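Asks: Here you go, coords_32.pdb (PDB, C-alpha atoms):
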ATOM      1  CA  MET A   1      -3.457 -16.537  19.080
ATOM      2  CA  LYS A   2      -4.163 -17.854  15.601
ATOM      3  CA  ILE A   3      -6.321 -15.767  13.285
ATOM      4  CA  ASN A   4      -8.546 -17.367  10.697
ATOM      5  CA  PRO A   5      -7.348 -16.202   7.250
ATOM      6  CA  ARG A   6     -10.995 -15.499   6.361
ATOM      7  CA  HIS A   7     -10.996 -12.686   8.897
ATOM      8  CA  TYR A   8      -7.801 -11.054   7.666
ATOM      9  CA  PRO A   9      -9.343  -8.929   4.873
ATOM     10  CA  VAL A  10     -12.090  -7.791   7.262
ATOM     11  CA  ILE A  11      -9.511  -6.822   9.895
ATOM     12  CA  ILE A  12      -7.438  -4.655   7.562
ATOM     13  CA  ILE A  13     -10.443  -2.931   5.992
ATOM     14  CA  ALA A  14     -11.923  -2.296   9.447
ATOM     15  CA  ALA A  15      -8.578  -0.891  10.659
ATOM     16  CA  TYR A  16      -8.429   1.439   7.659
ATOM     17  CA  VAL A  17     -11.991   2.697   8.095
ATOM     18  CA  ILE A  18     -11.684   3.151  11.879
ATOM     19  CA  PHE A  19      -8.444   5.138  11.674
ATOM     20  CA  LEU A  20      -9.715   7.175   8.707
ATOM     21  CA  LEU A  21     -12.853   8.117  10.649
ATOM     22  CA  LEU A  22     -10.733   8.874  13.710
ATOM     23  CA  GLY A  23      -8.715  11.305  11.606
ATOM     24  CA  ILE A  24     -11.864  12.996  10.325
ATOM     25  CA  LEU A  25     -13.250  13.194  13.874
ATOM     26  CA  LEU A  26      -9.977  14.790  14.971
ATOM     27  CA  GLY A  27     -10.681  17.571  12.489
ATOM     28  CA  PHE A  28      -8.660  16.386   9.497
ATOM     29  CA  GLY A  29     -11.667  16.334   7.260
ATOM     30  CA  PRO A  30     -12.236  17.568   3.732
ATOM     31  CA  GLU A  31     -12.271  21.350   3.379
ATOM     32  CA  ARG A  32     -14.631  23.071   1.055
ATOM     33  CA  GLY A  33     -14.040  26.485  -0.448
ATOM     34  CA  ASP A  34     -12.720  29.014   2.092
ATOM     35  CA  GLU A  35     -13.108  26.923   5.237
ATOM     36  CA  SER A  36     -10.375  27.649   7.748
ATOM     37  CA  HIS A  37      -8.262  25.001   9.505
ATOM     38  CA  GLY A  38     -10.371  24.955  12.672
ATOM     39  CA  LYS A  39      -9.749  22.322  15.335
ATOM     40  CA  SER A  40     -12.543  19.865  16.035
ATOM     41  CA  ALA A  41     -14.013  19.338  19.489
ATOM     42  CA  LEU A  42     -12.289  15.927  19.660
ATOM     43  CA  MET A  43      -8.940  17.498  18.744
ATOM     44  CA  GLN A  44      -9.389  20.224  21.372
ATOM     45  CA  LEU A  45     -10.202  17.560  23.962
ATOM     46  CA  ALA A  46      -7.116  15.551  22.949
ATOM     47  CA  LEU A  47      -4.895  18.660  23.161
ATOM     48  CA  MET A  48      -6.343  19.618  26.573
ATOM     49  CA  THR A  49      -5.728  16.092  27.861
ATOM     50  CA  LEU A  50      -2.147  16.218  26.564
ATOM     51  CA  GLU A  51      -1.556  19.607  28.209
ATOM     52  CA  THR A  52      -2.944  18.281  31.505
ATOM     53  CA  LEU A  53      -0.744  15.203  31.336
ATOM     54  CA  LEU A  54       2.395  17.167  30.500
TER      55      LEU A  54
ATOM     56  CA  MET B  55     -10.988 -34.271   4.943
ATOM     57  CA  SER B  56     -14.219 -32.322   4.606
ATOM     58  CA  SER B  57     -12.873 -29.636   6.955
ATOM     59  CA  ILE B  58      -9.728 -29.313   4.805
ATOM     60  CA  ALA B  59     -11.849 -29.109   1.674
ATOM     61  CA  ARG B  60     -13.948 -26.433   3.325
ATOM     62  CA  GLN B  61     -10.891 -24.465   4.355
ATOM     63  CA  LYS B  62      -9.405 -24.642   0.867
ATOM     64  CA  SER B  63     -12.664 -23.460  -0.718
ATOM     65  CA  PHE B  64     -11.883 -20.013   0.695
ATOM     66  CA  SER B  65      -9.194 -18.331  -1.355
ATOM     67  CA  LEU B  66      -7.297 -15.402   0.139
ATOM     68  CA  SER B  67      -5.943 -14.727  -3.314
ATOM     69  CA  LYS B  68      -9.419 -14.313  -4.809
ATOM     70  CA  SER B  69     -10.560 -12.123  -1.902
ATOM     71  CA  ARG B  70      -7.499  -9.957  -2.387
ATOM     72  CA  ARG B  71      -8.057  -9.671  -6.109
ATOM     73  CA  THR B  72     -11.700  -8.626  -5.527
ATOM     74  CA  ILE B  73     -10.650  -5.957  -3.028
ATOM     75  CA  GLN B  74      -7.928  -4.741  -5.397
ATOM     76  CA  TRP B  75     -10.455  -4.349  -8.233
ATOM     77  CA  LEU B  76     -12.769  -2.397  -5.948
ATOM     78  CA  VAL B  77      -9.893  -0.123  -4.895
ATOM     79  CA  VAL B  78      -8.868   0.482  -8.520
ATOM     80  CA  ILE B  79     -12.446   1.246  -9.611
ATOM     81  CA  GLY B  80     -12.927   3.517  -6.568
ATOM     82  CA  THR B  81      -9.727   5.442  -7.315
ATOM     83  CA  PHE B  82     -10.706   5.778 -10.973
ATOM     84  CA  VAL B  83     -14.125   7.160  -9.974
ATOM     85  CA  LEU B  84     -12.343   9.596  -7.645
ATOM     86  CA  GLY B  85     -10.155  10.765 -10.528
ATOM     87  CA  LEU B  86     -13.158  11.072 -12.807
ATOM     88  CA  ARG B  87     -15.043  13.080 -10.207
ATOM     89  CA  HIS B  88     -12.179  15.528  -9.952
ATOM     90  CA  ILE B  89     -11.893  16.406 -13.617
ATOM     91  CA  MET B  90     -15.359  17.921 -13.411
ATOM     92  CA  PRO B  91     -15.600  21.697 -12.903
ATOM     93  CA  GLY B  92     -15.638  22.964  -9.297
ATOM     94  CA  GLU B  93     -13.036  20.564  -7.958
ATOM     95  CA  ALA B  94     -12.547  22.490  -4.707
ATOM     96  CA  SER B  95     -16.222  22.190  -3.824
ATOM     97  CA  ARG B  96     -15.897  18.397  -3.734
ATOM     98  CA  GLY B  97     -13.802  18.228  -0.598
ATOM     99  CA  GLY B  98     -10.454  19.089  -2.143
ATOM    100  CA  SER B  99      -8.335  18.091  -5.098
ATOM    101  CA  PHE B 100      -7.573  14.527  -6.219
ATOM    102  CA  ASP B 101      -4.262  14.892  -4.353
ATOM    103  CA  SER B 102      -6.059  15.392  -1.051
ATOM    104  CA  PHE B 103      -7.158  11.739  -1.066
ATOM    105  CA  CYS B 104      -3.545  10.521  -1.160
ATOM    106  CA  ALA B 105      -1.962   8.966   1.927
ATOM    107  CA  PHE B 106       1.514   9.987   0.831
ATOM    108  CA  GLY B 107       0.279  13.560   0.370
ATOM    109  CA  GLY B 108      -0.127  13.557   4.168
ATOM    110  CA  ILE B 109       3.568  12.711   4.570
ATOM    111  CA  GLU B 110       4.599  15.292   1.984
ATOM    112  CA  THR B 111       2.690  18.091   3.668
ATOM    113  CA  LEU B 112       3.391  17.026   7.271
ATOM    114  CA  LEU B 113       6.678  18.871   7.839
ATOM    115  CA  PRO B 114       5.511  22.153   6.226
ATOM    116  CA  TYR B 115       2.339  21.945   8.342
ATOM    117  CA  LEU B 116       4.290  21.323  11.559
ATOM    118  CA  PHE B 117       6.893  24.028  10.923
ATOM    119  CA  THR B 118       4.804  26.748   9.281
ATOM    120  CA  GLY B 119       1.191  25.817  10.019
ATOM    121  CA  HIS B 120       0.443  25.854   6.292
ATOM    122  CA  LEU B 121      -0.317  22.952   3.999
ATOM    123  CA  LEU B 122       1.309  22.518   0.609
ATOM    124  CA  LYS B 123      -0.845  23.606  -2.313
ATOM    125  CA  SER B 124      -3.265  20.959  -3.626
ATOM    126  CA  THR B 125      -3.117  19.102  -0.300
ATOM    127  CA  ASN B 126      -5.783  19.265   2.331
ATOM    128  CA  LEU B 127      -6.329  18.261   5.964
ATOM    129  CA  LEU B 128      -8.047  15.163   4.575
ATOM    130  CA  ASN B 129      -4.593  13.896   3.557
ATOM    131  CA  PHE B 130      -3.826  13.398   7.258
ATOM    132  CA  SER B 131      -6.941  11.274   7.759
ATOM    133  CA  VAL B 132      -6.136   9.111   4.730
ATOM    134  CA  LEU B 133      -2.578   8.785   6.052
ATOM    135  CA  LEU B 134      -3.936   7.875   9.481
ATOM    136  CA  GLY B 135      -6.078   5.141   7.892
ATOM    137  CA  THR B 136      -3.016   3.778   6.124
ATOM    138  CA  LEU B 137      -0.915   3.920   9.285
ATOM    139  CA  GLY B 138      -3.779   2.243  11.157
ATOM    140  CA  VAL B 139      -3.667  -0.756   8.821
ATOM    141  CA  SER B 140       0.115  -0.842   9.217
ATOM    142  CA  LEU B 141      -0.064  -0.625  13.008
ATOM    143  CA  VAL B 142      -2.377  -3.631  12.996
ATOM    144  CA  ALA B 143      -0.967  -5.766  10.171
ATOM    145  CA  GLY B 144       2.304  -4.324   8.840
ATOM    146  CA  ARG B 145       2.500  -3.426   5.152
ATOM    147  CA  ALA B 146      -0.895  -4.977   4.409
ATOM    148  CA  PHE B 147      -1.990  -1.676   2.838
ATOM    149  CA  CYS B 148       0.572  -2.268   0.047
ATOM    150  CA  GLY B 149      -0.616  -5.802  -0.558
ATOM    151  CA  TRP B 150      -4.352  -5.266  -0.343
ATOM    152  CA  LEU B 151      -5.467  -1.644  -0.533
ATOM    153  CA  CYS B 152      -2.974   0.282  -2.665
ATOM    154  CA  PRO B 153      -4.308   1.049  -6.165
ATOM    155  CA  LEU B 154      -0.792   1.108  -7.609
ATOM    156  CA  GLY B 155       0.016  -2.259  -6.061
ATOM    157  CA  ALA B 156      -3.156  -3.648  -7.615
ATOM    158  CA  ILE B 157      -2.289  -2.278 -11.066
ATOM    159  CA  GLN B 158       1.172  -3.833 -10.823
ATOM    160  CA  ASP B 159      -0.311  -7.214  -9.912
ATOM    161  CA  PHE B 160      -2.724  -6.986 -12.850
ATOM    162  CA  VAL B 161       0.043  -5.949 -15.256
ATOM    163  CA  ALA B 162       2.257  -8.860 -14.141
ATOM    164  CA  GLU B 163      -0.623 -11.312 -14.578
ATOM    165  CA  TRP B 164      -1.572  -9.930 -18.003
ATOM    166  CA  THR B 165       2.072  -9.954 -19.109
ATOM    167  CA  ARG B 166       2.377 -13.660 -18.284
ATOM    168  CA  LYS B 167      -0.857 -14.397 -20.125
ATOM    169  CA  LEU B 168       0.238 -12.402 -23.186
ATOM    170  CA  LEU B 169       3.518 -14.285 -23.218
ATOM    171  CA  GLY B 170       1.783 -17.630 -23.358
ATOM    172  CA  GLU B 171       1.053 -18.763 -19.818
ATOM    173  CA  LYS B 172      -2.314 -20.473 -20.235
ATOM    174  CA  ARG B 173      -3.049 -21.198 -16.610
ATOM    175  CA  HIS B 174      -1.124 -20.162 -13.542
ATOM    176  CA  VAL B 175      -0.261 -23.188 -11.409
ATOM    177  CA  ARG B 176       0.257 -22.028  -7.838
ATOM    178  CA  GLY B 177       3.705 -22.712  -6.462
ATOM    179  CA  LYS B 178       5.137 -23.494  -9.897
ATOM    180  CA  ARG B 179       7.569 -21.066 -11.474
ATOM    181  CA  SER B 180       6.214 -19.352 -14.570
ATOM    182  CA  GLN B 181       8.022 -20.234 -17.791
ATOM    183  CA  THR B 182       7.495 -16.803 -19.373
ATOM    184  CA  ILE B 183      10.473 -14.446 -19.814
ATOM    185  CA  LEU B 184       8.684 -11.527 -18.180
ATOM    186  CA  PRO B 185       8.349 -10.276 -15.505
ATOM    187  CA  LEU B 186      12.033 -10.738 -14.750
ATOM    188  CA  ARG B 187      13.562 -11.652 -11.429
ATOM    189  CA  LEU B 188      16.619  -9.453 -11.117
ATOM    190  CA  PRO B 189      19.781 -11.039  -9.706
ATOM    191  CA  ALA B 190      20.361 -10.288  -6.021
ATOM    192  CA  SER B 191      23.450  -8.180  -6.802
ATOM    193  CA  ILE B 192      21.248  -5.671  -8.666
ATOM    194  CA  ASP B 193      17.992  -6.169  -6.800
ATOM    195  CA  ARG B 194      19.273  -5.637  -3.265
ATOM    196  CA  PRO B 195      20.955  -2.219  -3.701
ATOM    197  CA  LEU B 196      18.035  -0.962  -5.809
ATOM    198  CA  ARG B 197      15.661  -1.650  -2.921
ATOM    199  CA  TYR B 198      17.335   1.113  -0.918
ATOM    200  CA  ALA B 199      16.317   3.679  -3.552
ATOM    201  CA  LYS B 200      12.843   4.034  -2.027
ATOM    202  CA  TYR B 201      14.323   5.100   1.318
ATOM    203  CA  ILE B 202      16.503   7.684  -0.432
ATOM    204  CA  ALA B 203      13.409   8.897  -2.329
ATOM    205  CA  LEU B 204      11.507   9.225   0.959
ATOM    206  CA  ILE B 205      14.263  11.291   2.610
ATOM    207  CA  TRP B 206      14.640  13.472  -0.484
ATOM    208  CA  ILE B 207      10.900  14.141  -0.652
ATOM    209  CA  MET B 208      10.684  14.985   3.069
ATOM    210  CA  ILE B 209      13.532  17.509   2.738
ATOM    211  CA  ALA B 210      12.198  18.939  -0.532
ATOM    212  CA  SER B 211       8.723  19.366   0.983
ATOM    213  CA  LEU B 212      10.129  22.049   3.295
ATOM    214  CA  TYR B 213      11.072  24.200   0.308
ATOM    215  CA  ALA B 214       8.276  23.324  -2.102
ATOM    216  CA  ALA B 215       4.928  24.974  -2.838
ATOM    217  CA  PHE B 216       3.355  21.764  -4.164
ATOM    218  CA  PRO B 217       4.030  18.184  -2.958
ATOM    219  CA  PRO B 218       7.448  17.243  -4.443
ATOM    220  CA  LEU B 219       6.268  13.933  -5.918
ATOM    221  CA  ARG B 220       3.155  15.473  -7.482
ATOM    222  CA  GLU B 221       4.565  16.004 -10.976
ATOM    223  CA  PHE B 222       5.934  12.451 -11.197
ATOM    224  CA  CYS B 223       3.323  10.582  -9.166
ATOM    225  CA  PRO B 224       2.191   7.348 -10.885
ATOM    226  CA  VAL B 225      -1.151   7.486  -9.051
ATOM    227  CA  ARG B 226      -1.901  10.852 -10.652
ATOM    228  CA  SER B 227      -0.683   9.633 -14.024
ATOM    229  CA  MET B 228      -2.817   6.503 -13.764
ATOM    230  CA  PHE B 229      -5.979   7.867 -12.172
ATOM    231  CA  GLY B 230      -5.704  11.673 -11.982
ATOM    232  CA  LEU B 231      -6.788  12.290 -15.586
ATOM    233  CA  HIS B 232      -4.989  15.672 -15.664
ATOM    234  CA  MET B 233      -2.029  14.661 -17.804
ATOM    235  CA  THR B 234       1.178  16.621 -18.322
ATOM    236  CA  THR B 235       4.304  15.604 -20.242
ATOM    237  CA  LEU B 236       6.035  14.574 -17.019
ATOM    238  CA  LEU B 237       3.042  12.487 -15.986
ATOM    239  CA  TRP B 238       3.006  10.720 -19.368
ATOM    240  CA  VAL B 239       6.695   9.895 -18.856
ATOM    241  CA  SER B 240       5.951   8.717 -15.328
ATOM    242  CA  LEU B 241       3.099   6.517 -16.598
ATOM    243  CA  ALA B 242       5.320   5.007 -19.301
ATOM    244  CA  VAL B 243       8.129   4.275 -16.819
ATOM    245  CA  PHE B 244       5.682   2.818 -14.307
ATOM    246  CA  LEU B 245       4.011   0.508 -16.833
ATOM    247  CA  ALA B 246       7.269  -0.530 -18.506
ATOM    248  CA  GLY B 247       8.809  -1.179 -15.084
ATOM    249  CA  SER B 248       5.811  -3.258 -13.999
ATOM    250  CA  ILE B 249       6.019  -5.361 -17.173
ATOM    251  CA  LEU B 250       9.753  -5.913 -16.711
ATOM    252  CA  VAL B 251       9.850  -6.513 -12.951
ATOM    253  CA  GLU B 252       6.931  -7.629 -10.781
ATOM    254  CA  ARG B 253       5.974  -4.929  -8.227
ATOM    255  CA  PHE B 254       8.734  -2.724  -9.644
ATOM    256  CA  TRP B 255       7.405   0.454  -7.986
ATOM    257  CA  CYS B 256       6.889  -1.178  -4.563
ATOM    258  CA  LYS B 257      10.313  -2.825  -4.541
ATOM    259  CA  TYR B 258      12.446   0.075  -5.663
ATOM    260  CA  LEU B 259      10.734   3.453  -5.630
ATOM    261  CA  CYS B 260       7.631   3.727  -3.466
ATOM    262  CA  PRO B 261       8.269   6.230  -0.654
ATOM    263  CA  LEU B 262       4.999   5.270   1.072
ATOM    264  CA  GLY B 263       6.141   1.638   1.139
ATOM    265  CA  ALA B 264       9.434   2.829   2.647
ATOM    266  CA  THR B 265       7.464   4.589   5.388
ATOM    267  CA  LEU B 266       5.295   1.568   6.131
ATOM    268  CA  ALA B 267       8.185  -0.931   6.068
ATOM    269  CA  ILE B 268       9.049  -0.321   9.734
ATOM    270  CA  PHE B 269       5.600  -1.513  10.833
ATOM    271  CA  ASN B 270       6.340  -5.090   9.756
ATOM    272  CA  LYS B 271       8.554  -5.360  12.852
ATOM    273  CA  ILE B 272       6.022  -3.984  15.320
ATOM    274  CA  SER B 273       2.565  -4.945  14.090
ATOM    275  CA  PRO B 274       0.745  -7.400  16.383
ATOM    276  CA  ILE B 275      -0.774  -9.389  13.503
ATOM    277  CA  ARG B 276       1.961 -11.253  11.703
ATOM    278  CA  LEU B 277       2.721 -14.295   9.647
ATOM    279  CA  VAL B 278       4.440 -17.061  11.566
ATOM    280  CA  SER B 279       6.241 -20.058  10.143
ATOM    281  CA  ASP B 280       6.339 -23.349  12.006
ATOM    282  CA  SER B 281       9.592 -25.141  11.258
ATOM    283  CA  ASN B 282       8.067 -28.421  12.461
ATOM    284  CA  HIS B 283       5.586 -28.338   9.599
ATOM    285  CA  CYS B 284       7.563 -26.492   6.902
ATOM    286  CA  ASN B 285       9.603 -28.736   4.605
ATOM    287  CA  ASN B 286      11.274 -25.839   2.769
ATOM    288  CA  CYS B 287       9.673 -26.775  -0.540
ATOM    289  CA  GLY B 288      10.005 -23.174  -1.756
ATOM    290  CA  ARG B 289       6.458 -22.821  -3.123
ATOM    291  CA  CYS B 290       5.993 -19.624  -1.105
ATOM    292  CA  ASP B 291       9.215 -18.103  -2.514
ATOM    293  CA  ILE B 292       8.004 -18.732  -6.065
ATOM    294  CA  GLU B 293       4.640 -17.078  -5.427
ATOM    295  CA  CYS B 294       6.065 -13.993  -3.631
ATOM    296  CA  SER B 295       5.536 -10.952  -5.855
ATOM    297  CA  MET B 296       8.087  -8.983  -3.812
ATOM    298  CA  GLY B 297      10.735 -11.591  -4.603
ATOM    299  CA  ILE B 298      11.623 -12.311  -0.974
ATOM    300  CA  LYS B 299      14.051 -15.206  -0.761
ATOM    301  CA  ASN B 300      13.742 -17.966   1.852
ATOM    302  CA  LEU B 301      10.392 -16.599   2.952
ATOM    303  CA  PRO B 302       9.727 -18.719   6.062
ATOM    304  CA  VAL B 303      12.656 -17.056   7.869
ATOM    305  CA  ASN B 304      12.104 -13.564   6.402
ATOM    306  CA  LEU B 305       8.450 -13.013   7.223
ATOM    307  CA  ASP B 306       9.085  -9.933   9.384
ATOM    308  CA  GLY B 307      11.393  -8.286   6.869
ATOM    309  CA  PRO B 308      10.631  -4.778   5.600
ATOM    310  CA  GLU B 309       9.874  -6.010   2.078
ATOM    311  CA  CYS B 310       6.907  -8.236   2.954
ATOM    312  CA  ILE B 311       3.628  -6.634   1.865
ATOM    313  CA  ARG B 312       1.482  -9.140   3.789
ATOM    314  CA  CYS B 313      -0.446 -10.122   0.663
ATOM    315  CA  LEU B 314      -0.592 -13.675   2.061
ATOM    316  CA  GLU B 315      -0.045 -15.305  -1.334
ATOM    317  CA  CYS B 316       2.540 -17.478   0.460
ATOM    318  CA  LEU B 317      -0.076 -18.670   2.928
ATOM    319  CA  ASP B 318      -2.560 -19.356   0.140
ATOM    320  CA  THR B 319       0.072 -21.313  -1.790
ATOM    321  CA  CYS B 320       1.437 -23.338   1.103
ATOM    322  CA  ALA B 321       0.482 -26.986   0.752
ATOM    323  CA  ARG B 322       1.223 -27.989   4.332
ATOM    324  CA  ASP B 323      -1.420 -27.087   6.904
ATOM    325  CA  GLY B 324       0.012 -25.320   9.932
ATOM    326  CA  SER B 325       3.270 -24.411   8.243
ATOM    327  CA  LEU B 326       2.310 -20.745   7.853
ATOM    328  CA  THR B 327      -0.274 -19.141  10.108
ATOM    329  CA  ILE B 328      -1.536 -15.648  10.867
ATOM    330  CA  GLN B 329      -1.085 -14.897  14.530
ATOM    331  CA  LEU B 330      -1.900 -12.099  16.913
ATOM    332  CA  GLY B 331       0.869 -11.142  19.305
TER     333      GLY B 331
END
Would you mind giving the structure from this file in structure tokens?

Replies:
Amino acid sequence: MKINPRHYPVIIIAAYVIFLLLGILLGFGPERGDESHGKSALMQLALMTLETLL
Amino acid sequence: MSSIARQKSFSLSKSRRTIQWLVVIGTFVLGLRHIMPGEASRGGSFDSFCAFGGIETLLPYLFTGHLLKSTNLLNFSVLLGTLGVSLVAGRAFCGWLCPLGAIQDFVAEWTRKLLGEKRHVRGKRSQTILPLRLPASIDRPLRYAKYIALIWIMIASLYAAFPPLREFCPVRSMFGLHMTTLLWVSLAVFLAGSILVERFWCKYLCPLGATLAIFNKISPIRLVSDSNHCNNCGRCDIECSMGIKNLPVNLDGPECIRCLECLDTCARDGSLTIQLG
């Protein structure tokens, strides 16, 4: 399927933002001061799903 | 005719240049923000916004559960964003979103202007001496250096306290605003290299580019050449900042940064297209 070149910049910026937000939602967000490396709810859900599957 | 005129009124090159300026200004603001007191209270150091920092601290994190100093969990998110772009469109991050790539493009353009090129004619080889195009016998082996650098950094990260590239990183020397002697040297080498050879850092030394290179083979969005339309005029080869030879048959190669300058330069409609799948 052909993609209009006009949409290309939008696609790559959207991909960057979506995956960046996904990372932050997974718990890889900025830490401030003495915050510990706690796992986010989304990360715990992902790990539980993985454990169930394996 | 009007539809062609309408299509040509949109310039990928101009869109890319606008995005590159925004990325450079954004990175500069980030650097400026982090020379203020209380750096840690602003979500981590300048290094924690680096995609390659995520690669540098990945192995120590997996093996010991600890991150390298000056890195942060945010590095993994920035890396994920970069890998996301690559999963979708290959090395497009290098061509569109990397601040160092943008600086190199600007330096090459300014160098040509300083050396007398009044107006760049697309698809026509520049008459200025610089930036050079190295002969294939030198250029090709040098391109492997970035893969060696990547392997060395990954191994060194297991034994290091700070990210191994940190003291030489051109991003820190360009935008970090915390200069050391080594960073001044790195900045000088980076700028001199970019004046001498277009996209010098991307071609020969960038370990992030080496990581993303594999995605050119697997990304669903790719450039496709139609041999029925292409007349091998070579305009795309001339415009390629990565110096890829015979571009229409090397579009999936690891060196392509998906900047789409070739597509913007191509004079024959349908010869180069962006396709999904």

Asks: Quick check: residues of chain A within 8 Å of chain B, only C-alpha atoms, returned as a list in words.

Replies: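 In the required form, that comes to Met1, Lys2, Ile3, Asn4, Pro5, Arg6, Pro9, Ile12, Ile13, Ala15, Tyr16, Val17, Ile18, Phe19, Leu20, Leu21, Leu22, Gly23, Ile24, Gly27, Phe28, Gly29, Pro30, Glu31, Arg32, Gly33 and His37 of chain A.
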
Asks: Given the selection you just returned, output its residues as a file containing C-alpha atoms, formatted as a PDB file, in the coordinates of the input.

Replies:
ATOM      1  CA  MET A   1      -3.457 -16.537  19.080  1.00  0.00           C
ATOM      2  CA  LYS A   2      -4.163 -17.854  15.601  1.00  0.00           C
ATOM      3  CA  ILE A   3      -6.321 -15.767  13.285  1.00  0.00           C
ATOM      4  CA  ASN A   4      -8.546 -17.367  10.697  1.00  0.00           C
ATOM      5  CA  PRO A   5      -7.348 -16.202   7.250  1.00  0.00           C
ATOM      6  CA  ARG A   6     -10.995 -15.499   6.361  1.00  0.00           C
ATOM      7  CA  PRO A   9      -9.343  -8.929   4.873  1.00  0.00           C
ATOM      8  CA  ILE A  12      -7.438  -4.655   7.562  1.00  0.00           C
ATOM      9  CA  ILE A  13     -10.443  -2.931   5.992  1.00  0.00           C
ATOM     10  CA  ALA A  15      -8.578  -0.891  10.659  1.00  0.00           C
ATOM     11  CA  TYR A  16      -8.429   1.439   7.659  1.00  0.00           C
ATOM     12  CA  VAL A  17     -11.991   2.697   8.095  1.00  0.00           C
ATOM     13  CA  ILE A  18     -11.684   3.151  11.879  1.00  0.00           C
ATOM     14  CA  PHE A  19      -8.444   5.138  11.674  1.00  0.00           C
ATOM     15  CA  LEU A  20      -9.715   7.175   8.707  1.00  0.00           C
ATOM     16  CA  LEU A  21     -12.853   8.117  10.649  1.00  0.00           C
ATOM     17  CA  LEU A  22     -10.733   8.874  13.710  1.00  0.00           C
ATOM     18  CA  GLY A  23      -8.715  11.305  11.606  1.00  0.00           C
ATOM     19  CA  ILE A  24     -11.864  12.996  10.325  1.00  0.00           C
ATOM     20  CA  GLY A  27     -10.681  17.571  12.489  1.00  0.00           C
ATOM     21  CA  PHE A  28      -8.660  16.386   9.497  1.00  0.00           C
ATOM     22  CA  GLY A  29     -11.667  16.334   7.260  1.00  0.00           C
ATOM     23  CA  PRO A  30     -12.236  17.568   3.732  1.00  0.00           C
ATOM     24  CA  GLU A  31     -12.271  21.350   3.379  1.00  0.00           C
ATOM     25  CA  ARG A  32     -14.631  23.071   1.055  1.00  0.00           C
ATOM     26  CA  GLY A  33     -14.040  26.485  -0.448  1.00  0.00           C
ATOM     27  CA  HIS A  37      -8.262  25.001   9.505  1.00  0.00           C
TER      28      HIS A  37
END

Asks: Given the file shown, enumerate the residues that the PyMOL selection byres ((chain B and resi 256-259) around 10) captures and present them as a ChimeraX atom specification.

Replies: /B:148-149,154-155,158,193-204,248,251-255,260-264,295-297,309-311

Asks: Provide the atom CA of Gly307 of chain B to atom CA of Ile292 of chain B distance in Å, to one decimal place.

Replies: 17.0 Å

Asks: List as a PDB file with C-alpha atoms, in the coordinates of the input the protein and nucleic acid residues near segment 163-178 of chain B, meaning an atom at most 10 Å away when all atoms listed in the file are counted, but skip any in the same chain fewer than 3 places from it.

Replies:
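Result file result_4.pdb:
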ATOM      1  CA  ILE B 157      -2.289  -2.278 -11.066  1.00  0.00           C
ATOM      2  CA  GLN B 158       1.172  -3.833 -10.823  1.00  0.00           C
ATOM      3  CA  ASP B 159      -0.311  -7.214  -9.912  1.00  0.00           C
ATOM      4  CA  PHE B 160      -2.724  -6.986 -12.850  1.00  0.00           C
ATOM      5  CA  GLN B 181       8.022 -20.234 -17.791  1.00  0.00           C
ATOM      6  CA  THR B 182       7.495 -16.803 -19.373  1.00  0.00           C
ATOM      7  CA  ILE B 183      10.473 -14.446 -19.814  1.00  0.00           C
ATOM      8  CA  LEU B 184       8.684 -11.527 -18.180  1.00  0.00           C
ATOM      9  CA  PRO B 185       8.349 -10.276 -15.505  1.00  0.00           C
ATOM     10  CA  SER B 248       5.811  -3.258 -13.999  1.00  0.00           C
ATOM     11  CA  ILE B 249       6.019  -5.361 -17.173  1.00  0.00           C
ATOM     12  CA  LEU B 250       9.753  -5.913 -16.711  1.00  0.00           C
ATOM     13  CA  GLU B 252       6.931  -7.629 -10.781  1.00  0.00           C
ATOM     14  CA  CYS B 287       9.673 -26.775  -0.540  1.00  0.00           C
ATOM     15  CA  GLY B 288      10.005 -23.174  -1.756  1.00  0.00           C
ATOM     16  CA  ARG B 289       6.458 -22.821  -3.123  1.00  0.00           C
ATOM     17  CA  CYS B 290       5.993 -19.624  -1.105  1.00  0.00           C
ATOM     18  CA  ASP B 291       9.215 -18.103  -2.514  1.00  0.00           C
ATOM     19  CA  ILE B 292       8.004 -18.732  -6.065  1.00  0.00           C
ATOM     20  CA  GLU B 293       4.640 -17.078  -5.427  1.00  0.00           C
ATOM     21  CA  CYS B 294       6.065 -13.993  -3.631  1.00  0.00           C
ATOM     22  CA  GLU B 315      -0.045 -15.305  -1.334  1.00  0.00           C
ATOM     23  CA  CYS B 316       2.540 -17.478   0.460  1.00  0.00           C
ATOM     24  CA  ASP B 318      -2.560 -19.356   0.140  1.00  0.00           C
ATOM     25  CA  THR B 319       0.072 -21.313  -1.790  1.00  0.00           C
ATOM     26  CA  CYS B 320       1.437 -23.338   1.103  1.00  0.00           C
ATOM     27  CA  ALA B 321       0.482 -26.986   0.752  1.00  0.00           C
TER      28      ALA B 321
END

Asks: For Ser67 of chain B, which residue among B:Arg312, B:Phe216, B:Ile209, B:Gly324 is the nearest when counting only C-alpha atoms?

Replies: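 Counting only C-alpha atoms, the residue closest to Ser67 of chain B is B:Arg312.
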
Asks: Kindly compute an axis-aligned box around the listed atoms of segment 3-17 of chain A, allowing 6 Å on each side, and express its centre and edge lengths in Å to one decimal as lines of an AutoDock Vina configuration file.

Replies:
center_x = -9.2
center_y = -7.3
center_z = 9.1
size_x = 17.8
size_y = 32.1
size_z = 20.4
